[in-house]
$ cat data.cif   # mmCIF, C-alpha atoms
data_query
loop_
_atom_site.label_atom_id
_atom_site.label_comp_id
_atom_site.auth_asym_id
_atom_site.auth_seq_id
_atom_site.Cartn_x
_atom_site.Cartn_y
_atom_site.Cartn_z
CA MET O 1 15.84 144.62 146.09
CA LYS O 2 18.64 144.47 148.66
CA ASN O 3 21.59 146.77 148.03
CA VAL O 4 24.81 144.77 147.79
CA LEU O 5 27.94 146.24 149.35
CA LEU O 6 30.94 146.61 147.06
CA ALA O 7 32.96 144.14 149.13
CA GLU O 8 30.18 141.58 148.85
CA ALA O 9 30.03 142.09 145.09
CA VAL O 10 33.79 141.59 144.77
CA ALA O 11 33.75 138.44 146.90
CA SER O 12 30.67 136.86 145.31
CA THR O 13 31.12 133.40 143.86
CA GLU O 14 30.00 134.53 140.40
CA ASN O 15 32.40 137.48 140.34
CA LEU O 16 35.40 135.45 141.52
CA TRP O 17 34.70 132.74 138.96
CA SER O 18 34.37 135.33 136.19
CA ALA O 19 37.64 136.93 137.33
CA PHE O 20 39.37 133.57 137.22
CA ARG O 21 38.12 132.91 133.67
CA GLU O 22 39.48 136.29 132.57
CA CYS O 23 42.87 135.59 134.18
CA GLU O 24 43.27 132.14 132.67
CA ARG O 25 43.23 133.39 129.07
CA GLY O 26 46.54 132.51 127.47
CA LYS O 27 47.96 131.25 130.78
CA SER O 28 47.32 127.51 130.54
CA SER O 29 51.03 126.78 130.13
CA LYS O 30 52.09 128.99 133.07
CA LEU O 31 53.11 127.33 136.32
CA GLY O 32 51.22 129.86 138.45
CA TYR O 33 47.97 129.07 136.67
CA GLN O 34 48.51 125.31 136.88
CA ARG O 35 49.16 125.47 140.62
CA PHE O 36 46.06 127.58 141.15
CA TYR O 37 43.89 125.40 138.93
CA PHE O 38 44.85 122.31 140.92
CA GLY O 39 42.33 122.70 143.74
CA ILE O 40 40.61 125.74 142.25
CA GLY O 41 37.44 125.29 144.26
CA GLU O 42 39.23 125.44 147.60
CA ARG O 43 41.38 128.36 146.46
CA LEU O 44 38.42 130.49 145.37
CA VAL O 45 36.58 129.70 148.60
CA GLU O 46 39.64 130.74 150.61
CA ILE O 47 39.95 133.99 148.64
CA GLN O 48 36.27 134.65 149.25
CA ARG O 49 36.62 133.97 152.98
CA ARG O 50 39.58 136.34 153.32
CA LEU O 51 37.91 139.09 151.30
CA MET O 52 34.75 138.93 153.39
CA ALA O 53 36.78 138.90 156.62
CA GLY O 54 38.97 141.78 155.45
CA THR O 55 42.14 139.72 155.94
CA TYR O 56 43.31 139.33 152.35
CA VAL O 57 47.06 139.99 152.06
CA TRP O 58 48.70 140.92 148.76
CA GLN O 59 51.76 138.93 147.75
CA GLY O 60 54.99 140.11 146.13
CA TYR O 61 55.69 140.91 142.47
CA ARG O 62 57.96 139.42 139.86
CA GLU O 63 59.67 142.28 138.02
CA PHE O 64 61.09 142.39 134.49
CA VAL O 65 61.93 145.04 131.90
CA VAL O 66 60.28 145.49 128.51
CA LYS O 67 61.09 148.06 125.80
CA ASP O 68 58.16 149.48 123.79
CA PRO O 69 60.33 151.37 122.71
CA LYS O 70 61.36 152.98 126.01
CA ALA O 71 62.25 150.69 128.90
CA ARG O 72 59.54 150.00 131.48
CA VAL O 73 59.66 147.87 134.61
CA ILE O 74 56.68 145.51 134.52
CA MET O 75 55.48 144.00 137.79
CA ALA O 76 53.71 140.65 137.45
CA ALA O 77 51.53 139.71 140.40
CA PRO O 78 50.99 136.08 141.45
CA PHE O 79 48.02 134.40 139.81
CA CYS O 80 46.00 134.54 143.02
CA ASP O 81 46.41 138.32 143.27
CA ARG O 82 45.55 138.77 139.59
CA VAL O 83 42.23 137.02 140.21
CA VAL O 84 41.47 139.52 142.96
CA HIS O 85 42.60 142.43 140.74
CA HIS O 86 40.09 141.35 138.11
CA ALA O 87 37.37 140.84 140.71
CA VAL O 88 37.91 144.36 142.09
CA HIS O 89 38.14 145.89 138.61
CA CYS O 90 34.88 144.25 137.53
CA VAL O 91 33.04 145.98 140.38
CA ILE O 92 34.63 149.45 140.48
CA GLU O 93 35.23 150.04 136.75
CA PRO O 94 31.51 150.66 135.98
CA ILE O 95 31.53 153.24 138.80
CA LEU O 96 34.73 155.07 137.84
CA ASP O 97 34.60 154.97 134.03
CA PRO O 98 31.59 157.35 133.71
CA LEU O 99 33.61 159.92 135.67
CA LEU O 100 36.21 160.09 132.88
CA THR O 101 35.91 162.45 129.95
CA GLN O 102 35.47 161.36 126.36
CA ARG O 103 39.02 162.58 125.68
CA THR O 104 40.54 159.78 127.81
CA TYR O 105 41.27 156.84 125.54
CA ALA O 106 43.48 154.31 127.33
CA CYS O 107 42.14 150.92 128.42
CA ARG O 108 38.44 151.76 127.99
CA HIS O 109 35.67 149.93 126.19
CA GLY O 110 35.06 151.41 122.74
CA MET O 111 38.11 153.66 122.97
CA GLY O 112 41.78 152.59 122.81
CA SER O 113 44.83 153.70 120.85
CA SER O 114 43.29 153.24 117.39
CA ARG O 115 40.40 155.56 118.11
CA ALA O 116 42.75 158.05 119.78
CA VAL O 117 44.99 158.44 116.73
CA VAL O 118 42.03 158.57 114.32
CA ASP O 119 40.20 161.20 116.39
CA LEU O 120 43.35 163.32 116.64
CA TRP O 121 43.96 163.04 112.90
CA ALA O 122 40.40 164.12 112.14
CA ALA O 123 40.67 167.11 114.48
CA ILE O 124 44.05 168.21 113.06
CA ARG O 125 42.75 167.91 109.51
CA ALA O 126 39.67 169.97 110.39
CA TYR O 127 41.91 172.72 111.81
CA GLY O 128 44.03 172.90 108.68
CA GLU O 129 47.57 174.29 108.61
CA ARG O 130 46.93 177.18 110.99
CA ARG O 131 47.13 175.09 114.14
CA TYR O 132 49.51 174.27 116.95
CA VAL O 133 49.91 170.88 118.59
CA VAL O 134 51.39 170.72 122.10
CA LYS O 135 52.54 167.32 123.34
CA LEU O 136 52.93 166.81 127.08
CA ASP O 137 53.61 163.72 129.13
CA VAL O 138 54.04 163.11 132.83
CA GLU O 139 57.53 162.14 133.88
CA ARG O 140 57.73 158.55 135.25
CA TYR O 141 53.95 158.54 135.57
CA PHE O 142 53.14 155.18 137.18
CA ALA O 143 56.13 155.34 139.54
CA SER O 144 55.28 158.89 140.67
CA ILE O 145 51.55 158.55 141.42
CA SER O 146 50.96 159.86 144.94
CA HIS O 147 49.14 157.35 147.14
CA ASP O 148 47.48 160.12 149.14
CA VAL O 149 46.15 161.95 146.07
CA LEU O 150 45.03 158.73 144.36
CA LEU O 151 43.20 157.46 147.44
CA HIS O 152 41.49 160.82 147.87
CA HIS O 153 40.05 160.65 144.34
CA LEU O 154 39.36 156.92 144.53
CA LEU O 155 37.65 156.68 147.91
CA SER O 156 35.62 159.87 147.48
CA ASN O 157 33.77 158.28 144.56
CA ARG O 158 32.58 155.09 146.31
CA PRO O 159 28.89 154.44 147.09
CA ASP O 160 29.99 152.69 150.31
CA GLU O 161 33.17 152.20 152.32
CA SER O 162 33.32 148.40 152.35
CA LEU O 163 36.23 148.27 149.88
CA ASN O 164 38.29 151.04 151.46
CA SER O 165 40.60 148.73 153.39
CA LEU O 166 41.30 146.44 150.41
CA LEU O 167 41.92 149.33 148.00
CA THR O 168 44.14 151.13 150.51
CA SER O 169 46.26 148.03 151.06
CA LEU O 170 46.50 147.43 147.31
CA ILE O 171 47.85 150.94 146.74
CA ARG O 172 49.94 151.44 149.87
CA THR O 173 51.37 148.01 150.75
CA SER O 174 51.27 145.64 147.74
CA HIS O 175 54.70 146.83 146.51
CA LYS O 176 57.41 147.18 149.18
CA GLY O 177 59.42 149.85 147.37
CA TYR O 178 56.40 152.03 146.65
CA SER O 179 55.08 151.62 150.18
CA LEU O 180 58.26 153.23 151.53
CA THR O 181 58.05 156.30 149.28
CA GLY O 182 54.26 156.72 149.30
CA ARG O 183 54.35 156.91 145.51
CA GLY O 184 53.83 154.53 142.62
CA VAL O 185 51.43 151.91 141.31
CA SER O 186 52.54 148.75 139.59
CA ILE O 187 52.65 148.66 135.80
CA GLY O 188 51.02 145.39 134.82
CA ASN O 189 48.04 145.35 137.18
CA LEU O 190 44.61 145.69 135.62
CA THR O 191 43.58 147.96 138.48
CA SER O 192 46.62 150.20 137.93
CA GLN O 193 45.35 151.11 134.45
CA LEU O 194 42.08 152.29 135.94
CA PHE O 195 43.84 154.17 138.74
CA ALA O 196 46.14 155.89 136.22
CA ASN O 197 43.17 157.03 134.14
CA LEU O 198 41.44 158.39 137.23
CA MET O 199 44.52 160.19 138.53
CA LEU O 200 44.73 162.67 135.63
CA ASN O 201 40.98 163.07 135.25
CA PRO O 202 41.04 166.38 137.18
CA ALA O 203 43.51 167.69 134.58
CA ASP O 204 41.11 166.69 131.80
CA ARG O 205 38.29 168.53 133.57
CA PHE O 206 40.53 171.55 134.12
CA ILE O 207 41.33 171.82 130.41
CA GLU O 208 37.67 171.50 129.44
CA LYS O 209 36.52 174.11 131.97
CA CYS O 210 39.32 176.70 131.87
CA HIS O 211 40.42 176.31 128.24
CA PRO O 212 37.25 175.37 126.31
CA HIS O 213 38.76 176.58 123.04
CA VAL O 214 41.46 173.89 123.29
CA GLN O 215 40.86 170.36 122.04
CA HIS O 216 42.80 167.78 123.99
CA PHE O 217 43.42 164.06 123.73
CA ARG O 218 44.86 161.89 126.51
CA TYR O 219 46.18 158.37 126.40
CA MET O 220 47.27 157.50 129.95
CA GLU O 221 50.08 160.00 130.72
CA ASP O 222 50.38 161.36 127.15
CA ILE O 223 48.44 164.60 126.58
CA VAL O 224 48.02 166.35 123.24
CA LEU O 225 46.64 169.91 123.04
CA LEU O 226 45.29 171.18 119.72
CA VAL O 227 45.00 174.98 119.46
CA LYS O 228 44.49 177.58 116.74
CA CYS O 229 46.15 180.52 118.49
CA LYS O 230 49.87 180.63 119.25
CA LYS O 231 49.47 182.44 122.57
CA ASP O 232 46.64 180.16 123.69
CA ALA O 233 48.82 177.13 122.99
CA LEU O 234 51.58 178.38 125.28
CA ASP O 235 49.18 179.64 127.97
CA CYS O 236 47.29 176.34 128.10
CA ALA O 237 50.51 174.29 128.18
CA HIS O 238 51.87 176.28 131.11
CA ALA O 239 48.53 176.11 132.94
CA VAL O 240 48.35 172.32 132.58
CA VAL O 241 51.94 171.89 133.76
CA LYS O 242 51.23 174.06 136.82
CA PHE O 243 47.91 172.33 137.61
CA VAL O 244 49.39 168.83 137.39
CA SER O 245 52.35 169.84 139.55
CA GLN O 246 50.50 171.68 142.30
CA LEU O 247 47.24 169.75 142.60
CA LEU O 248 48.20 166.26 141.44
CA SER O 249 51.84 166.18 142.58
CA HIS O 250 53.24 165.21 139.17
CA SER O 251 55.96 166.64 136.96
CA ILE O 252 55.67 167.46 133.26
CA PRO O 253 59.03 168.45 131.69
CA PHE O 254 59.16 171.85 129.99
CA THR O 255 61.31 170.37 127.22
CA LYS O 256 58.27 169.16 125.27
CA VAL O 257 57.81 170.64 121.82
CA ILE O 258 55.06 172.39 119.93
CA THR O 259 54.44 171.27 116.37
CA LEU O 260 53.44 173.99 113.93
CA ALA O 261 51.64 174.22 110.61
CA SER O 262 51.56 171.13 108.35
CA ASN O 263 54.28 169.15 110.14
CA PRO O 264 53.34 165.55 110.96
CA VAL O 265 52.40 164.90 114.58
CA SER O 266 53.78 161.90 116.45
CA PHE O 267 51.32 160.24 118.84
CA LEU O 268 51.34 156.73 120.35
CA GLU O 269 54.29 155.64 118.21
CA TYR O 270 52.65 156.86 114.99
CA ALA O 271 53.30 159.89 112.85
CA GLU O 272 50.05 161.52 111.72
CA PHE O 273 49.89 163.23 108.32
CA PRO O 274 46.70 165.34 108.26
CA HIS O 275 46.82 165.96 104.50
CA ARG O 276 46.63 162.23 103.71
CA ASP O 277 43.52 160.06 103.57
CA PRO O 278 42.96 156.81 105.48
CA PRO O 279 44.65 154.39 105.72
CA ASP O 280 47.78 156.30 104.65
CA PHE O 281 47.55 159.11 107.20
CA LEU O 282 49.44 157.04 109.80
CA ILE O 283 53.00 155.81 109.58
CA GLU O 284 54.41 153.68 112.38
CA ILE O 285 57.47 155.22 114.01
CA HIS O 286 60.45 152.94 114.41
CA PRO O 287 62.02 152.92 117.89
CA VAL O 288 64.90 155.10 116.73
CA ARG O 289 65.03 158.69 117.95
CA SER O 290 64.72 161.00 114.98
CA SER O 291 65.77 164.63 114.77
CA ARG O 292 63.26 167.32 115.72
CA PRO O 293 61.25 168.75 112.80
CA THR O 294 62.13 172.31 111.87
CA ASN O 295 58.69 173.71 112.70
CA THR O 296 58.79 172.90 116.42
CA PHE O 297 59.54 174.89 119.55
CA SER O 298 59.98 174.03 123.22
CA ILE O 299 57.26 175.27 125.55
CA SER O 300 60.03 176.61 127.78
CA THR O 301 61.16 179.24 125.26
CA GLY O 302 58.28 181.56 126.22
CA SER O 303 58.37 185.02 124.68
CA GLN O 304 60.97 184.02 122.11
CA TRP O 305 58.57 181.44 120.74
CA LEU O 306 55.64 183.88 120.82
CA SER O 307 57.56 186.32 118.63
CA THR O 308 58.22 183.68 115.97
CA PRO O 309 56.00 184.12 112.88
CA LEU O 310 53.67 181.37 111.77
CA VAL O 311 55.11 179.21 108.98
#

$ encode --input "data.cif" --output "structure tokens"
Amino acid sequence: MKNVLLAEAVASTENLWSAFRECERGKSSKLGYQRFYFGIGERLVEIQRRLMAGTYVWQGYREFVVKDPKARVIMAAPFCDRVVHHAVHCVIEPILDPLLTQRTYACRHGMGSSRAVVDLWAAIRAYGERRYVVKLDVERYFASISHDVLLHHLLSNRPDESLNSLLTSLIRTSHKGYSLTGRGVSIGNLTSQLFANLMLNPADRFIEKCHPHVQHFRYMEDIVLLVKCKKDALDCAHAVVKFVSQLLSHSIPFTKVITLASNPVSFLEYAEFPHRDPPDFLIEIHPVRSSRPTNTFSISTGSQWLSTPLV
């Protein structure tokens, strides 16, 4: 059987049609969809021709702000570009997803936020009250992703180089502001979710290899470390911050807190209560900033925190 190049797989008639059907869900009333659908055959053929010739050019974004609860700038691509995003994702996702660890939950088949909070609850409950939970998150994650680092991880895991030009242009030139700084991928693209998962995968591997006694859970840029020993919690937190900064060119603020003992743990807008049974172990957090629980410490307090007795 003939081996099909990645570019050929992306530009195949079947793949482009499947990508269009995915994009049209819930979009029948949108003007962009209606314009594309009028003459869909010619449009898909033209996309296919440009992809095969390597001349496809990404268009601009429409930007708007959503609050969930913190404000995020969402970048909506034109319908034509979204079809190509889906076509690319359909081909490269089966290649990249097996590279991710089972502790990466965001935007993956059989995973997701529900499984993430349930798995974390089960692990915290198994640890009991003598545990420490460290919550870390990358500052301005999507906007700070280095194009050079992302392309290194992305292109080094391809079975062939036929998609290199298209992926490079998607990352480096599809957004004018990000192309000037060499940083950032657009929130809202299907491919950006996959890229964001891949970007922190080395950090997941680092935790598993260098800190095997630490259980960790990651949902996109949010990382939770679950540890039994106080010193190990602080050592692992500092090691992850240093690794992400030096090797992945990202910043994790040192102001994040460590939750002790039986205090509830907030994760993905839920507060987890390990001593409760399903379905009552989760309580949704309202988008109002609450005061810090008494049994928490900043990871920046160092030796002062280490000298604090367990409560």

$ atom_distance --input "data.cif" --atom1 "atom CA of Arg172 of chain O" --atom2 "atom CA of Ser146 of chain O"
9.8 Å

$ atom_distance --input "data.cif" --atom1 "atom CA of Ile145 of chain O" --atom2 "atom CA of Gly184 of chain O"
4.8 Å

$ residues_around --input "data.cif" --residues "Leu248 of chain O" --least-positions-apart "2" --cutoff "9 Å" --atoms "only C-alpha atoms" --output "list in words"
Ile145, Ser146, Val149, Leu150, Met199, Leu200, Pro202, Ala203, Phe243, Val244, Ser245, Gln246, His250 and Ser251 of chain O

$ write_last_selection --input "data.cif" --atoms "C-alpha atoms" --output "JSON list (two decimals), in the frame of the given file"
[["chain", "number", "residue", "atom", "x", "y", "z"],
["O", 145, "ILE", "CA", 51.55, 158.55, 141.42],
["O", 146, "SER", "CA", 50.96, 159.86, 144.94],
["O", 149, "VAL", "CA", 46.15, 161.95, 146.07],
["O", 150, "LEU", "CA", 45.03, 158.73, 144.36],
["O", 199, "MET", "CA", 44.52, 160.19, 138.53],
["O", 200, "LEU", "CA", 44.73, 162.67, 135.63],
["O", 202, "PRO", "CA", 41.04, 166.38, 137.18],
["O", 203, "ALA", "CA", 43.51, 167.69, 134.58],
["O", 243, "PHE", "CA", 47.91, 172.33, 137.61],
["O", 244, "VAL", "CA", 49.39, 168.83, 137.39],
["O", 245, "SER", "CA", 52.35, 169.84, 139.55],
["O", 246, "GLN", "CA", 50.50, 171.68, 142.30],
["O", 250, "HIS", "CA", 53.24, 165.21, 139.17],
["O", 251, "SER", "CA", 55.96, 166.64, 136.96]]

$ atom_distance --input "data.cif" --atom1 "atom CA of Lys228 of chain O" --atom2 "atom CA of Val214 of chain O"
8.1 Å

$ closest_residue --input "data.cif" --among "O:Lys242, O:Val117, O:Phe267, O:Leu96" --to "Ala196 of chain O" --atoms "all atoms listed in the file"
O:Leu96

$ residues_around --input "data.cif" --residues "Phe20 of chain O" --least-positions-apart "6" --cutoff "12 Å" --atoms "only C-alpha atoms" --output "PyMOL selection string"
chain O and resi 13-14+27+33+36-37+40-41+43-44+47+79-88+90

$ residues_around --input "data.cif" --residues "His89 of chain O" --least-positions-apart "6" --cutoff "12 Å" --atoms "all atoms listed in the file" --output "ChimeraX atom specification"
/O:6-7,9-11,15-16,18-19,22,82-83,95-97,163,167,189-195

$ residues_around --input "data.cif" --residues "Thr101 of chain O" --least-positions-apart "2" --cutoff "12 Å" --atoms "only C-alpha atoms" --output "compact mmCIF listing (two decimals) with C-alpha atoms, in the coordinates of the input"
# COMPACT_ATOMS: atom_id res chain seq x y z
CA LEU O 96 34.73 155.07 137.84
CA ASP O 97 34.60 154.97 134.03
CA PRO O 98 31.59 157.35 133.71
CA LEU O 99 33.61 159.92 135.67
CA ARG O 103 39.02 162.58 125.68
CA THR O 104 40.54 159.78 127.81
CA TYR O 105 41.27 156.84 125.54
CA ALA O 106 43.48 154.31 127.33
CA ARG O 108 38.44 151.76 127.99
CA MET O 111 38.11 153.66 122.97
CA ASN O 197 43.17 157.03 134.14
CA LEU O 198 41.44 158.39 137.23
CA LEU O 200 44.73 162.67 135.63
CA ASN O 201 40.98 163.07 135.25
CA PRO O 202 41.04 166.38 137.18
CA ALA O 203 43.51 167.69 134.58
CA ASP O 204 41.11 166.69 131.80
CA ARG O 205 38.29 168.53 133.57
CA PHE O 206 40.53 171.55 134.12
CA ILE O 207 41.33 171.82 130.41
CA GLU O 208 37.67 171.50 129.44
CA LYS O 209 36.52 174.11 131.97
CA HIS O 216 42.80 167.78 123.99
CA PHE O 217 43.42 164.06 123.73
CA ARG O 218 44.86 161.89 126.51
CA TYR O 219 46.18 158.37 126.40

$ closest_residue --input "data.cif" --among "O:Arg115, O:Tyr141, O:His147, O:Ser165" --to "Leu180 of chain O" --atoms "all atoms listed in the file"
O:His147
